[in-house]
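Source file: upload.pdb; contents: PDB, C-alpha atoms.
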```
ATOM      1  CA  MET A   1      36.670  -2.614   3.785  1.00  0.00           C
ATOM      2  CA  SER A   2      33.258  -2.448   5.421  1.00  0.00           C
ATOM      3  CA  VAL A   3      30.827  -5.358   5.424  1.00  0.00           C
ATOM      4  CA  PRO A   4      28.087  -4.843   2.834  1.00  0.00           C
ATOM      5  CA  LYS A   5      24.699  -4.092   4.363  1.00  0.00           C
ATOM      6  CA  SER A   6      21.779  -6.289   3.578  1.00  0.00           C
ATOM      7  CA  ILE A   7      18.154  -5.981   4.597  1.00  0.00           C
ATOM      8  CA  GLY A   8      15.702  -8.785   5.232  1.00  0.00           C
ATOM      9  CA  ALA A   9      12.003  -8.749   5.994  1.00  0.00           C
ATOM     10  CA  VAL A  10       9.287 -11.188   6.994  1.00  0.00           C
ATOM     11  CA  GLU A  11       5.558 -10.391   6.993  1.00  0.00           C
ATOM     12  CA  LEU A  12       3.230 -12.672   8.959  1.00  0.00           C
ATOM     13  CA  SER A  13      -0.494 -13.159   9.392  1.00  0.00           C
ATOM     14  CA  SER A  14      -0.141 -13.863  13.127  1.00  0.00           C
ATOM     15  CA  ILE A  15       0.936 -11.408  15.801  1.00  0.00           C
ATOM     16  CA  GLY A  16       1.745 -14.130  18.342  1.00  0.00           C
ATOM     17  CA  LEU A  17       3.877 -16.034  15.872  1.00  0.00           C
ATOM     18  CA  GLY A  18       5.366 -12.700  14.832  1.00  0.00           C
ATOM     19  CA  TYR A  19       7.012 -12.325  18.233  1.00  0.00           C
ATOM     20  CA  GLN A  20       8.236 -15.911  18.092  1.00  0.00           C
ATOM     21  CA  VAL A  21       9.644 -15.475  14.587  1.00  0.00           C
ATOM     22  CA  GLU A  22      11.293 -12.180  15.600  1.00  0.00           C
ATOM     23  CA  ASP A  23      13.080 -13.938  18.462  1.00  0.00           C
ATOM     24  CA  THR A  24      14.176 -16.763  16.167  1.00  0.00           C
ATOM     25  CA  MET A  25      15.527 -14.320  13.582  1.00  0.00           C
ATOM     26  CA  LEU A  26      17.479 -12.321  16.172  1.00  0.00           C
ATOM     27  CA  LYS A  27      19.061 -15.506  17.489  1.00  0.00           C
ATOM     28  CA  ALA A  28      19.905 -16.905  14.030  1.00  0.00           C
ATOM     29  CA  GLY A  29      22.217 -14.142  12.845  1.00  0.00           C
ATOM     30  CA  LYS A  30      24.079 -11.079  14.052  1.00  0.00           C
ATOM     31  CA  VAL A  31      21.454  -8.650  12.763  1.00  0.00           C
ATOM     32  CA  GLU A  32      20.133  -5.260  13.788  1.00  0.00           C
ATOM     33  CA  LEU A  33      16.394  -4.985  14.323  1.00  0.00           C
ATOM     34  CA  VAL A  34      15.097  -2.169  12.090  1.00  0.00           C
ATOM     35  CA  ILE A  35      11.332  -2.708  12.483  1.00  0.00           C
ATOM     36  CA  ALA A  36       9.282  -5.196  14.456  1.00  0.00           C
ATOM     37  CA  ARG A  37       5.641  -4.297  14.978  1.00  0.00           C
ATOM     38  CA  THR A  38       2.052  -5.037  14.337  1.00  0.00           C
ATOM     39  CA  ILE A  39       0.780  -3.576  11.110  1.00  0.00           C
ATOM     40  CA  CYS A  40      -2.667  -3.013   9.666  1.00  0.00           C
ATOM     41  CA  SER A  41      -4.967  -5.913   8.995  1.00  0.00           C
ATOM     42  CA  GLY A  42      -3.676  -7.742  12.075  1.00  0.00           C
ATOM     43  CA  LYS A  43      -0.294  -8.643  10.601  1.00  0.00           C
ATOM     44  CA  TYR A  44       3.248  -8.521  12.003  1.00  0.00           C
ATOM     45  CA  LEU A  45       6.289  -7.150  10.155  1.00  0.00           C
ATOM     46  CA  ILE A  46       9.938  -7.790  10.980  1.00  0.00           C
ATOM     47  CA  VAL A  47      12.810  -6.002   9.182  1.00  0.00           C
ATOM     48  CA  VAL A  48      16.446  -6.718  10.016  1.00  0.00           C
ATOM     49  CA  ALA A  49      19.781  -5.467   8.656  1.00  0.00           C
ATOM     50  CA  GLY A  50      23.352  -6.708   8.744  1.00  0.00           C
ATOM     51  CA  SER A  51      25.850  -8.565   6.621  1.00  0.00           C
ATOM     52  CA  VAL A  52      24.460 -10.544   3.716  1.00  0.00           C
ATOM     53  CA  SER A  53      25.160 -13.901   5.362  1.00  0.00           C
ATOM     54  CA  ASP A  54      23.664 -12.907   8.726  1.00  0.00           C
ATOM     55  CA  VAL A  55      20.517 -11.486   7.141  1.00  0.00           C
ATOM     56  CA  GLU A  56      20.122 -14.591   4.990  1.00  0.00           C
ATOM     57  CA  ALA A  57      20.474 -16.821   8.073  1.00  0.00           C
ATOM     58  CA  ALA A  58      17.974 -14.742  10.064  1.00  0.00           C
ATOM     59  CA  VAL A  59      15.344 -14.620   7.309  1.00  0.00           C
ATOM     60  CA  ARG A  60      15.657 -18.317   6.482  1.00  0.00           C
ATOM     61  CA  ALA A  61      15.238 -19.180  10.166  1.00  0.00           C
ATOM     62  CA  GLY A  62      12.238 -16.836  10.346  1.00  0.00           C
ATOM     63  CA  ILE A  63      10.617 -18.442   7.307  1.00  0.00           C
ATOM     64  CA  GLN A  64      11.042 -21.894   8.808  1.00  0.00           C
ATOM     65  CA  GLU A  65       9.589 -20.774  12.155  1.00  0.00           C
ATOM     66  CA  ALA A  66       6.672 -18.921  10.528  1.00  0.00           C
ATOM     67  CA  LYS A  67       5.129 -22.024   8.971  1.00  0.00           C
ATOM     68  CA  ASP A  68       1.651 -21.242   7.577  1.00  0.00           C
ATOM     69  CA  SER A  69       1.600 -17.664   8.916  1.00  0.00           C
ATOM     70  CA  LEU A  70       4.147 -16.459   6.332  1.00  0.00           C
ATOM     71  CA  ILE A  71       2.680 -13.870   3.938  1.00  0.00           C
ATOM     72  CA  ASP A  72       5.818 -12.513   2.265  1.00  0.00           C
ATOM     73  CA  TRP A  73       9.564 -12.337   2.782  1.00  0.00           C
ATOM     74  CA  LEU A  74      12.565 -10.599   1.299  1.00  0.00           C
ATOM     75  CA  ILE A  75      16.356 -10.637   1.314  1.00  0.00           C
ATOM     76  CA  LEU A  76      18.062  -7.666  -0.351  1.00  0.00           C
ATOM     77  CA  PRO A  77      21.814  -8.242  -0.453  1.00  0.00           C
ATOM     78  CA  ASN A  78      23.841  -5.052  -0.754  1.00  0.00           C
ATOM     79  CA  VAL A  79      20.823  -2.810  -0.351  1.00  0.00           C
ATOM     80  CA  HIS A  80      21.183   0.732  -1.694  1.00  0.00           C
ATOM     81  CA  GLU A  81      22.387   3.054   1.088  1.00  0.00           C
ATOM     82  CA  SER A  82      19.466   5.447   0.621  1.00  0.00           C
ATOM     83  CA  VAL A  83      16.922   2.836   1.728  1.00  0.00           C
ATOM     84  CA  PHE A  84      17.823   3.090   5.434  1.00  0.00           C
ATOM     85  CA  PRO A  85      17.383   6.880   5.866  1.00  0.00           C
ATOM     86  CA  ALA A  86      14.167   6.835   3.798  1.00  0.00           C
ATOM     87  CA  LEU A  87      12.809   3.975   5.894  1.00  0.00           C
ATOM     88  CA  GLY A  88      13.713   5.924   9.044  1.00  0.00           C
ATOM     89  CA  GLN A  89      11.984   8.984   7.553  1.00  0.00           C
ATOM     90  CA  SER A  90      15.072  11.073   8.258  1.00  0.00           C
ATOM     91  CA  VAL A  91      15.554  12.580   4.786  1.00  0.00           C
ATOM     92  CA  VAL A  92      15.018  16.337   4.490  1.00  0.00           C
ATOM     93  CA  LEU A  93      14.924  17.916   1.047  1.00  0.00           C
ATOM     94  CA  PRO A  94      16.602  21.307   0.444  1.00  0.00           C
ATOM     95  CA  HIS A  95      14.275  24.342   0.673  1.00  0.00           C
ATOM     96  CA  ASP A  96      14.932  25.246  -2.955  1.00  0.00           C
ATOM     97  CA  HIS A  97      14.091  21.738  -4.161  1.00  0.00           C
ATOM     98  CA  ASP A  98      12.231  21.683  -7.484  1.00  0.00           C
ATOM     99  CA  GLY A  99      12.466  18.088  -8.700  1.00  0.00           C
ATOM    100  CA  ALA A 100       9.748  15.808  -9.996  1.00  0.00           C
ATOM    101  CA  LEU A 101       7.846  13.597  -7.544  1.00  0.00           C
ATOM    102  CA  GLY A 102       7.534   9.840  -7.937  1.00  0.00           C
ATOM    103  CA  VAL A 103       5.151   7.671  -5.917  1.00  0.00           C
ATOM    104  CA  VAL A 104       4.908   3.887  -5.941  1.00  0.00           C
ATOM    105  CA  GLU A 105       2.282   2.062  -3.869  1.00  0.00           C
ATOM    106  CA  THR A 106       2.157  -1.668  -3.113  1.00  0.00           C
ATOM    107  CA  PHE A 107      -0.244  -4.044  -1.410  1.00  0.00           C
ATOM    108  CA  GLY A 108       2.383  -5.129   1.152  1.00  0.00           C
ATOM    109  CA  GLY A 109       5.080  -3.797   3.417  1.00  0.00           C
ATOM    110  CA  VAL A 110       7.770  -6.196   2.255  1.00  0.00           C
ATOM    111  CA  SER A 111       7.200  -5.462  -1.426  1.00  0.00           C
ATOM    112  CA  ILE A 112       7.716  -1.717  -0.989  1.00  0.00           C
ATOM    113  CA  LEU A 113      11.204  -2.365   0.404  1.00  0.00           C
ATOM    114  CA  ALA A 114      12.125  -4.328  -2.723  1.00  0.00           C
ATOM    115  CA  ALA A 115      10.611  -1.599  -4.906  1.00  0.00           C
ATOM    116  CA  ALA A 116      12.535   1.158  -3.103  1.00  0.00           C
ATOM    117  CA  ASP A 117      15.849  -0.644  -3.526  1.00  0.00           C
ATOM    118  CA  ALA A 118      15.130  -1.180  -7.238  1.00  0.00           C
ATOM    119  CA  ALA A 119      14.296   2.503  -7.733  1.00  0.00           C
ATOM    120  CA  ALA A 120      17.415   3.737  -5.944  1.00  0.00           C
ATOM    121  CA  LYS A 121      19.660   1.402  -7.943  1.00  0.00           C
ATOM    122  CA  ALA A 122      18.054   2.202 -11.306  1.00  0.00           C
ATOM    123  CA  ALA A 123      18.222   5.995 -11.357  1.00  0.00           C
ATOM    124  CA  ASN A 124      19.840   9.060  -9.847  1.00  0.00           C
ATOM    125  CA  VAL A 125      16.959   9.843  -7.481  1.00  0.00           C
ATOM    126  CA  ILE A 126      16.564  10.921  -3.879  1.00  0.00           C
ATOM    127  CA  LEU A 127      14.536   8.303  -2.066  1.00  0.00           C
ATOM    128  CA  PHE A 128      13.055  10.358   0.750  1.00  0.00           C
ATOM    129  CA  ARG A 129      10.243   8.304   2.229  1.00  0.00           C
ATOM    130  CA  ILE A 130       9.389   4.631   2.580  1.00  0.00           C
ATOM    131  CA  HIS A 131       6.154   4.114   4.486  1.00  0.00           C
ATOM    132  CA  VAL A 132       5.613   0.521   5.513  1.00  0.00           C
ATOM    133  CA  ALA A 133       2.092  -0.674   6.254  1.00  0.00           C
ATOM    134  CA  MET A 134       1.077   1.549   9.204  1.00  0.00           C
ATOM    135  CA  ALA A 135      -2.330   3.230   8.860  1.00  0.00           C
ATOM    136  CA  LEU A 136      -2.507   2.078   5.242  1.00  0.00           C
ATOM    137  CA  GLY A 137      -4.448  -1.162   5.456  1.00  0.00           C
ATOM    138  CA  GLY A 138      -1.179  -3.078   5.216  1.00  0.00           C
ATOM    139  CA  LYS A 139       0.030  -1.268   2.080  1.00  0.00           C
ATOM    140  CA  GLY A 140       3.356   0.442   1.536  1.00  0.00           C
ATOM    141  CA  PHE A 141       4.436   3.440  -0.488  1.00  0.00           C
ATOM    142  CA  LEU A 142       7.609   5.262  -1.401  1.00  0.00           C
ATOM    143  CA  LEU A 143       8.348   8.823  -2.433  1.00  0.00           C
ATOM    144  CA  LEU A 144      11.323   9.809  -4.557  1.00  0.00           C
ATOM    145  CA  THR A 145      12.487  12.913  -6.382  1.00  0.00           C
ATOM    146  CA  GLY A 146      14.954  14.046  -9.024  1.00  0.00           C
ATOM    147  CA  THR A 147      14.841  15.079 -12.651  1.00  0.00           C
ATOM    148  CA  VAL A 148      11.749  14.016 -14.575  1.00  0.00           C
ATOM    149  CA  ALA A 149      13.757  11.440 -16.542  1.00  0.00           C
ATOM    150  CA  ASP A 150      15.373   9.978 -13.416  1.00  0.00           C
ATOM    151  CA  VAL A 151      12.089   9.875 -11.511  1.00  0.00           C
ATOM    152  CA  ARG A 152      10.422   8.100 -14.437  1.00  0.00           C
ATOM    153  CA  ALA A 153      13.254   5.555 -14.529  1.00  0.00           C
ATOM    154  CA  GLY A 154      13.149   5.044 -10.752  1.00  0.00           C
ATOM    155  CA  VAL A 155       9.373   4.683 -10.654  1.00  0.00           C
ATOM    156  CA  GLN A 156       9.469   2.283 -13.594  1.00  0.00           C
ATOM    157  CA  ALA A 157      12.069   0.072 -11.861  1.00  0.00           C
ATOM    158  CA  ALA A 158      10.155   0.121  -8.574  1.00  0.00           C
ATOM    159  CA  ALA A 159       6.857  -0.637 -10.301  1.00  0.00           C
ATOM    160  CA  GLU A 160       8.440  -3.520 -12.242  1.00  0.00           C
ATOM    161  CA  GLU A 161       9.678  -5.067  -8.994  1.00  0.00           C
ATOM    162  CA  ALA A 162       6.277  -4.711  -7.332  1.00  0.00           C
ATOM    163  CA  ARG A 163       4.513  -5.984 -10.462  1.00  0.00           C
ATOM    164  CA  ARG A 164       6.847  -9.012 -10.565  1.00  0.00           C
ATOM    165  CA  ARG A 165       5.696  -9.820  -7.033  1.00  0.00           C
ATOM    166  CA  GLY A 166       2.051  -9.265  -8.036  1.00  0.00           C
ATOM    167  CA  LEU A 167       1.634  -6.424  -5.524  1.00  0.00           C
ATOM    168  CA  LEU A 168       1.655  -3.141  -7.461  1.00  0.00           C
ATOM    169  CA  VAL A 169      -1.193  -0.734  -6.620  1.00  0.00           C
ATOM    170  CA  SER A 170      -0.064   2.437  -8.387  1.00  0.00           C
ATOM    171  CA  GLU A 171       2.861   4.258  -9.973  1.00  0.00           C
ATOM    172  CA  VAL A 172       2.784   8.032 -10.378  1.00  0.00           C
ATOM    173  CA  VAL A 173       5.194  10.649 -11.743  1.00  0.00           C
ATOM    174  CA  ILE A 174       4.390  14.323 -11.171  1.00  0.00           C
ATOM    175  CA  PRO A 175       6.803  16.437 -13.284  1.00  0.00           C
ATOM    176  CA  ARG A 176       6.361  19.801 -11.525  1.00  0.00           C
ATOM    177  CA  PRO A 177       4.691  19.239  -8.168  1.00  0.00           C
ATOM    178  CA  ARG A 178       3.355  22.190  -6.227  1.00  0.00           C
ATOM    179  CA  LYS A 179       5.525  23.023  -3.208  1.00  0.00           C
ATOM    180  CA  GLU A 180       2.622  22.119  -0.905  1.00  0.00           C
ATOM    181  CA  LEU A 181       2.999  18.444  -1.885  1.00  0.00           C
ATOM    182  CA  LEU A 182       6.516  18.397  -0.455  1.00  0.00           C
ATOM    183  CA  ALA A 183       6.098  20.976   2.331  1.00  0.00           C
ATOM    184  CA  GLU A 184       6.542  18.431   5.106  1.00  0.00           C
ATOM    185  CA  TYR A 185       9.928  17.352   3.655  1.00  0.00           C
ATOM    186  CA  LEU A 186      11.401  20.779   2.836  1.00  0.00           C
TER     187      LEU A 186
END
```
Just give me the structure of the file as structure tokens.
Amino acid sequence: MSVPKSIGAVELSSIGLGYQVEDTMLKAGKVELVIARTICSGKYLIVVAGSVSDVEAAVRAGIQEAKDSLIDWLILPNVHESVFPALGQSVVLPHDHDGALGVVETFGGVSILAAADAAAKAANVILFRIHVAMALGGKGFLLLTGTVADVRAGVQAAAEEARRRGLLVSEVVIPRPRKELLAEYL
């Protein structure tokens, strides 16, 4: 039986402390570094993956080290398997794809990860892009596709999660998108 994958994230207002927190997190648990970088608005984002217990240990240590620079944090135990490829932007849709398009936008990078996991768990959708805070003024967005009903359910779940965190910017469902909207993914 494989160890369940978990994802954890910490968003900070300080770049210098970001490096320090990253080091602390990597030392606190046996985790894989997924993202560690400066993001728009002079912030620093750290995303790690591993077993639930290791991710929890790493994020908790990061929160403690971050002190007043902590903006947001997240632990997603047993994250949906489609989150990792979408975050790595390695999902390619079939050329004959004709599903609806769902878009959810948040004010933060951490919140879009929680929204993406909620969408993937709520509906039979293909999560094909999670864009975290680069060249977006610190925002995040996700793209998903499937039947109109599934996309509506996925977008609704993602938007609810972002709204619960107070960070929802927009939620959009396009039932029959023109092929040009998805050309880069086909």
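Closest approach to A:Val151 among A:Cys40, A:Ala123, A:Val132, A:Leu76: A:Ala123, based on all atoms listed in the file.
Among A:Leu93, A:Val47, A:Val173, A:Ala158, the residue with the shortest atom-to-atom distance to A:Glu22, counting only C-alpha atoms, is A:Val47.
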Tell me which protein, DNA and RNA residues are within 6 Å of stretch 49-59 of chain A, counting all atoms listed in the file, leaving out same-chain ones fewer than 2 positions away, and put them as a list in words.
Pro4, Lys5, Ser6, Ile7, Gly8, Met25, Ala28, Gly29, Lys30, Val31, Glu32, Ala61, Gly62 and Pro77 of chain A
Could you take the residues named above and write them with C-alpha atoms, as a PDB file, in the frame of the given file?
```
ATOM      1  CA  PRO A   4      28.087  -4.843   2.834  1.00  0.00           C
ATOM      2  CA  LYS A   5      24.699  -4.092   4.363  1.00  0.00           C
ATOM      3  CA  SER A   6      21.779  -6.289   3.578  1.00  0.00           C
ATOM      4  CA  ILE A   7      18.154  -5.981   4.597  1.00  0.00           C
ATOM      5  CA  GLY A   8      15.702  -8.785   5.232  1.00  0.00           C
ATOM      6  CA  MET A  25      15.527 -14.320  13.582  1.00  0.00           C
ATOM      7  CA  ALA A  28      19.905 -16.905  14.030  1.00  0.00           C
ATOM      8  CA  GLY A  29      22.217 -14.142  12.845  1.00  0.00           C
ATOM      9  CA  LYS A  30      24.079 -11.079  14.052  1.00  0.00           C
ATOM     10  CA  VAL A  31      21.454  -8.650  12.763  1.00  0.00           C
ATOM     11  CA  GLU A  32      20.133  -5.260  13.788  1.00  0.00           C
ATOM     12  CA  ALA A  61      15.238 -19.180  10.166  1.00  0.00           C
ATOM     13  CA  GLY A  62      12.238 -16.836  10.346  1.00  0.00           C
ATOM     14  CA  PRO A  77      21.814  -8.242  -0.453  1.00  0.00           C
TER      15      PRO A  77
END
```
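Minimum atom-to-atom distance to A:Val34, evaluated using all atoms listed in the file, belongs to A:Pro85 out of A:Pro85, A:Glu171, A:Ile126, A:Asp117.
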What does the PyMOL selection byres ((chain A and resi 107) around 6) select in this file, as a VMD selection string?
chain A and resid 106 108 139 167
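Atom to atom, atom CA of A:Phe128 and atom CA of A:Leu33 stand 20.8 Å apart.
Taking atom CA of A:Thr38 and atom CA of A:Ala115 as endpoints, the distance between them is 21.3 Å.
Here the PyMOL selection byres ((chain A and resi 174) around 8) captures the residues Ala100, Leu101, Gly102, Val172, Val173, Pro175, Arg176 and Pro177 of chain A.
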Compile the contact shell of A:Lys67 as a list of chain:residue names: residues with an atom at most 12 Å away, counting all atoms listed in the file, same-chain residues fewer than 2 positions apart removed.
A:Val10, A:Glu11, A:Leu12, A:Ser13, A:Ser14, A:Leu17, A:Gly18, A:Gln20, A:Val21, A:Arg60, A:Ala61, A:Gly62, A:Ile63, A:Gln64, A:Glu65, A:Ser69, A:Leu70, A:Ile71, A:Asp72
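Ranking A:Ala116, A:Leu127, A:Ala66, A:Ala153 by their shortest atom-to-atom distance to A:Val92, with all atoms listed in the file included, puts A:Leu127 first.
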